[in-house]
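A.B. asks: Got a structure for you, questions after.
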Amino acid sequence: MKIIPTTLALGLLTAAAAQAQAQTLQGTTYLRINAGNISYTQRAEDNFRSISGTLLPAAGRFVATNFLVGAEVPLGYSHYRYEYIFSGTIGSDEKVSVSDVTFGVSPFVRYYLPGAGSHRLFGQISGSLGWLRNRQQNTYSGRYETKRERTIDYQEYGAGLGYNYFITPSAALELTAGYKRSTLGPDRTNGNLDVQAGFALLLPSTK
């Protein structure tokens, strides 16, 4: 009596796996929203506070089975402040507040490892051109202040590995981890770990 329910369950799982595989076929449209670089820090000794975060909406299309070409638009914000009291000087202090807003365009290519089912792994490479708007305000002993604003362009290159878990055949959770190399302005280059998490829609071609 248990053979029919078991067979039915296996059939449903097999169908779901086939549908998940079908979402990486040529012509499928990819839409995604990820978040990364989310942090909050505080330090009591100098009244330091910082907060940062980045949203990364993206869109793309599978130009071949398992091969995705797309672009994301990184939108970032960070702010930190701290207070510095000059040693041995009563009533002499400096308060610093710095805000950064970033915007960019980042084309990427992604390849999914062949497979079926709800769990899919992929590799990805990307490049990015963006702009950073920096604002800094310094207040000295509450008497006077200075302000500075500037815009800096940056270039970024990266590679990483990722994982999609298909909740339904057309909707998946996404996690990526990789390394990015950034050039900020004419003479500042750095590398950092890039971890993102988010949600993706994979819409099959109607043709």
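Residue numbering restarts at 1 for every chain of the structure tokens, chains are lettered A, B, ... in their displayed order, and ligands are numbered from 1 as they appear.
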Can you list, as a list of chain:residue names, every protein, DNA or RNA residue that comes within 9 Å of Pro204 in chain A when you count only C-alpha atoms, leaving out same-chain residues fewer than 5 positions away?

C.D. replies: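 Returned residues: A:Ala22, A:Gln23, A:Thr24, A:Leu25, A:Gln26, A:Gly27, A:Thr28, A:Thr29, A:Tyr30, A:Ser170.
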
A.B. asks: Taking 5 positions as the minimum chain separation for residues in the same chain, which residues sit within 8 Å of range 153-159 of chain A when counting only C-alpha atoms? Answer as a ChimeraX atom specification.

C.D. replies: /A:123-132,178-185

A.B. asks: Please compute the CA of Arg135 in chain A-CA of Val101 in chain A distance, one decimal, in Å.

C.D. replies: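 One can read the CA of Arg135 in chain A to CA of Val101 in chain A distance as 8.8 Å.
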
A.B. asks: Between A:Arg143, A:Tyr111, A:Thr206, A:Phe62, which one has atoms that come closest to Gly160 in chain A, using only C-alpha atoms?

C.D. replies: A:Tyr111

A.B. asks: Please indicate the distance in Å from CA of Glu72 in chain A to CA of Leu173 in chain A, rounded to one decimal place.

C.D. replies: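 Separation between CA of Glu72 in chain A and CA of Leu173 in chain A: 16.8 Å.
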
A.B. asks: Please report, as a PyMOL selection string, each residue of chain A to which DSSP assigns strand (DSSP E or B) when run on this structure's backbone.

C.D. replies: chain A and resi 29-43+48-64+67-72+75-85+93-112+119-140+144-168+171-184+188-203

A.B. asks: Tell me, in Å to one decimal, how far CA of Ile38 in chain A is from CA of Leu193 in chain A.

C.D. replies: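 Here the two named atoms are 12.6 Å from each other.
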
A.B. asks: Could you check the closest approach to Gly162 in chain A for each of A:Gln196, A:Ser97, A:Thr65, A:Ser52 and tell me which residue wins, using only C-alpha atoms?

C.D. replies: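 Nearest candidate to Gly162 in chain A out of A:Gln196, A:Ser97, A:Thr65, A:Ser52: A:Gln196.
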
A.B. asks: May I have the residues within 8 Å of range 144-151 of chain A as a list of chain:residue names, using only C-alpha atoms and disregarding those fewer than 4 positions away in the same chain?

C.D. replies: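 Listed by chain and then number, they are A:Trp131, A:Leu132, A:Arg133, A:Asn134, A:Arg135, A:Gln136, A:Gln137, A:Asn138, A:Thr139, A:Tyr140.
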
A.B. asks: Write a file of the just-selected residues containing all heavy atoms, as a compact mmCIF listing (two decimals), in the first residue's frame.

C.D. replies:
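File part_0.txt, as written:
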# COMPACT_ATOMS: atom_id res chain seq x y z
N TRP A 131 31.70 55.20 -9.11
CA TRP A 131 32.02 56.51 -8.58
C TRP A 131 31.71 56.53 -7.09
O TRP A 131 30.71 55.96 -6.64
CB TRP A 131 31.20 57.58 -9.29
CG TRP A 131 31.54 57.66 -10.74
CD1 TRP A 131 32.44 58.49 -11.34
CD2 TRP A 131 30.98 56.86 -11.78
NE1 TRP A 131 32.49 58.24 -12.69
CE2 TRP A 131 31.60 57.24 -12.99
CE3 TRP A 131 30.02 55.83 -11.81
CZ2 TRP A 131 31.29 56.66 -14.21
CZ3 TRP A 131 29.71 55.24 -13.03
CH2 TRP A 131 30.34 55.66 -14.21
N LEU A 132 32.56 57.21 -6.35
CA LEU A 132 32.40 57.35 -4.90
C LEU A 132 32.29 58.83 -4.56
O LEU A 132 33.16 59.62 -4.93
CB LEU A 132 33.58 56.71 -4.17
CG LEU A 132 33.57 56.75 -2.64
CD1 LEU A 132 34.31 55.53 -2.08
CD2 LEU A 132 34.24 58.01 -2.09
N ARG A 133 31.22 59.18 -3.86
CA ARG A 133 31.02 60.55 -3.39
C ARG A 133 31.36 60.61 -1.92
O ARG A 133 30.71 59.97 -1.08
CB ARG A 133 29.58 60.97 -3.63
CG ARG A 133 29.28 62.42 -3.23
CD ARG A 133 30.02 63.41 -4.09
NE ARG A 133 29.60 64.79 -3.82
CZ ARG A 133 30.19 65.85 -4.33
NH1 ARG A 133 31.23 65.70 -5.15
NH2 ARG A 133 29.75 67.06 -4.05
N ASN A 134 32.40 61.37 -1.58
CA ASN A 134 32.92 61.44 -0.22
C ASN A 134 32.64 62.81 0.40
O ASN A 134 32.90 63.84 -0.22
CB ASN A 134 34.43 61.17 -0.22
CG ASN A 134 35.08 61.39 1.14
OD1 ASN A 134 35.59 62.46 1.41
ND2 ASN A 134 35.04 60.38 1.98
N ARG A 135 32.10 62.78 1.62
CA ARG A 135 31.86 64.01 2.37
C ARG A 135 32.47 63.87 3.76
O ARG A 135 32.22 62.89 4.45
CB ARG A 135 30.36 64.28 2.48
CG ARG A 135 29.67 64.55 1.14
CD ARG A 135 28.20 64.82 1.32
NE ARG A 135 27.54 65.09 0.05
CZ ARG A 135 26.26 65.36 -0.09
NH1 ARG A 135 25.47 65.40 0.99
NH2 ARG A 135 25.75 65.57 -1.29
N GLN A 136 33.22 64.89 4.15
CA GLN A 136 33.87 64.86 5.46
C GLN A 136 33.68 66.20 6.16
O GLN A 136 33.84 67.26 5.56
CB GLN A 136 35.37 64.56 5.32
CG GLN A 136 36.10 64.54 6.66
CD GLN A 136 37.52 64.04 6.55
OE1 GLN A 136 37.83 63.24 5.66
NE2 GLN A 136 38.40 64.50 7.42
N GLN A 137 33.34 66.11 7.44
CA GLN A 137 33.17 67.31 8.25
C GLN A 137 33.98 67.17 9.52
O GLN A 137 33.88 66.18 10.25
CB GLN A 137 31.69 67.53 8.60
CG GLN A 137 31.44 68.73 9.50
CD GLN A 137 29.96 68.95 9.76
OE1 GLN A 137 29.16 68.99 8.82
NE2 GLN A 137 29.59 69.09 11.03
N ASN A 138 34.81 68.18 9.82
CA ASN A 138 35.62 68.22 11.04
C ASN A 138 35.17 69.41 11.88
O ASN A 138 35.10 70.53 11.38
CB ASN A 138 37.10 68.37 10.70
CG ASN A 138 37.66 67.19 9.95
OD1 ASN A 138 37.16 66.82 8.88
ND2 ASN A 138 38.71 66.58 10.47
N THR A 139 34.87 69.14 13.14
CA THR A 139 34.47 70.19 14.07
C THR A 139 35.51 70.29 15.18
O THR A 139 35.84 69.29 15.83
CB THR A 139 33.09 69.89 14.68
OG1 THR A 139 32.14 69.70 13.63
CG2 THR A 139 32.63 71.04 15.57
N TYR A 140 36.04 71.50 15.39
CA TYR A 140 37.13 71.70 16.34
C TYR A 140 36.62 72.44 17.57
O TYR A 140 36.24 73.62 17.49
CB TYR A 140 38.27 72.49 15.69
CG TYR A 140 38.85 71.81 14.47
CD1 TYR A 140 38.33 72.07 13.20
CD2 TYR A 140 39.88 70.88 14.59
CE1 TYR A 140 38.85 71.45 12.08
CE2 TYR A 140 40.41 70.25 13.47
CZ TYR A 140 39.89 70.53 12.23
OH TYR A 140 40.39 69.90 11.11

A.B. asks: Tell me which protein, DNA and RNA residues are within 6 Å of Ala177 in chain A, counting only C-alpha atoms, leaving out same-chain ones fewer than 6 positions away, and put them as a PyMOL selection string.

C.D. replies: chain A and resi 160-161+194-195

A.B. asks: Go ahead and write the selection's residues with N, CA and C atoms as an mmCIF file, in the first residue's frame.

C.D. replies:
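Output file out33.cif follows:
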data_model
loop_
_atom_site.group_PDB
_atom_site.id
_atom_site.type_symbol
_atom_site.label_atom_id
_atom_site.label_comp_id
_atom_site.auth_asym_id
_atom_site.auth_seq_id
_atom_site.Cartn_x
_atom_site.Cartn_y
_atom_site.Cartn_z
ATOM 1 N N GLY A 160 34.617 34.765 -8.155
ATOM 2 C CA GLY A 160 34.055 34.112 -6.982
ATOM 3 C C GLY A 160 33.281 32.861 -7.327
ATOM 4 N N LEU A 161 32.843 32.194 -6.285
ATOM 5 C CA LEU A 161 32.020 30.995 -6.395
ATOM 6 C C LEU A 161 30.678 31.265 -5.721
ATOM 7 N N ASP A 194 34.681 39.458 -0.758
ATOM 8 C CA ASP A 194 33.351 39.926 -1.121
ATOM 9 C C ASP A 194 32.345 38.808 -0.892
ATOM 10 N N VAL A 195 31.442 39.003 0.076
ATOM 11 C CA VAL A 195 30.408 38.021 0.400
ATOM 12 C C VAL A 195 29.051 38.675 0.218
#

A.B. asks: From the list A:Asn47, A:Thr54, A:Ser106, A:Thr41, which residue is nearest Glu94 in chain A when using only C-alpha atoms?

C.D. replies: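 When distances to Glu94 in chain A are compared using only C-alpha atoms, the smallest one comes from A:Asn47.
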
A.B. asks: What's around Ala44 in chain A at 12 Å? Count only C-alpha atoms, leave out sequence neighbours fewer than 5 positions away in its own chain, and write the answer as a list in words.

C.D. replies: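 In the requested format, the answer is Arg49, Arg81, Tyr82, Glu83 and Tyr84 of chain A.
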
A.B. asks: Those residues you just picked out, can you put them in a file as a CSV table (one decimal), in the first residue's frame with C-alpha atoms?

C.D. replies:
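Result written to out.csv:
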chain,number,residue,atom,x,y,z
A,49,ARG,CA,30.5,54.6,15.3
A,81,ARG,CA,32.4,59.2,13.1
A,82,TYR,CA,34.8,59.6,16.0
A,83,GLU,CA,36.0,62.1,18.5
A,84,TYR,CA,39.6,62.9,19.3

A.B. asks: Which is closest to Asn37 in chain A among A:Phe166, A:Leu121, A:Tyr77, A:Leu68, if we use only C-alpha atoms?

C.D. replies: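 Of A:Phe166, A:Leu121, A:Tyr77, A:Leu68, the one nearest Asn37 in chain A, counting only C-alpha atoms, is A:Tyr77.
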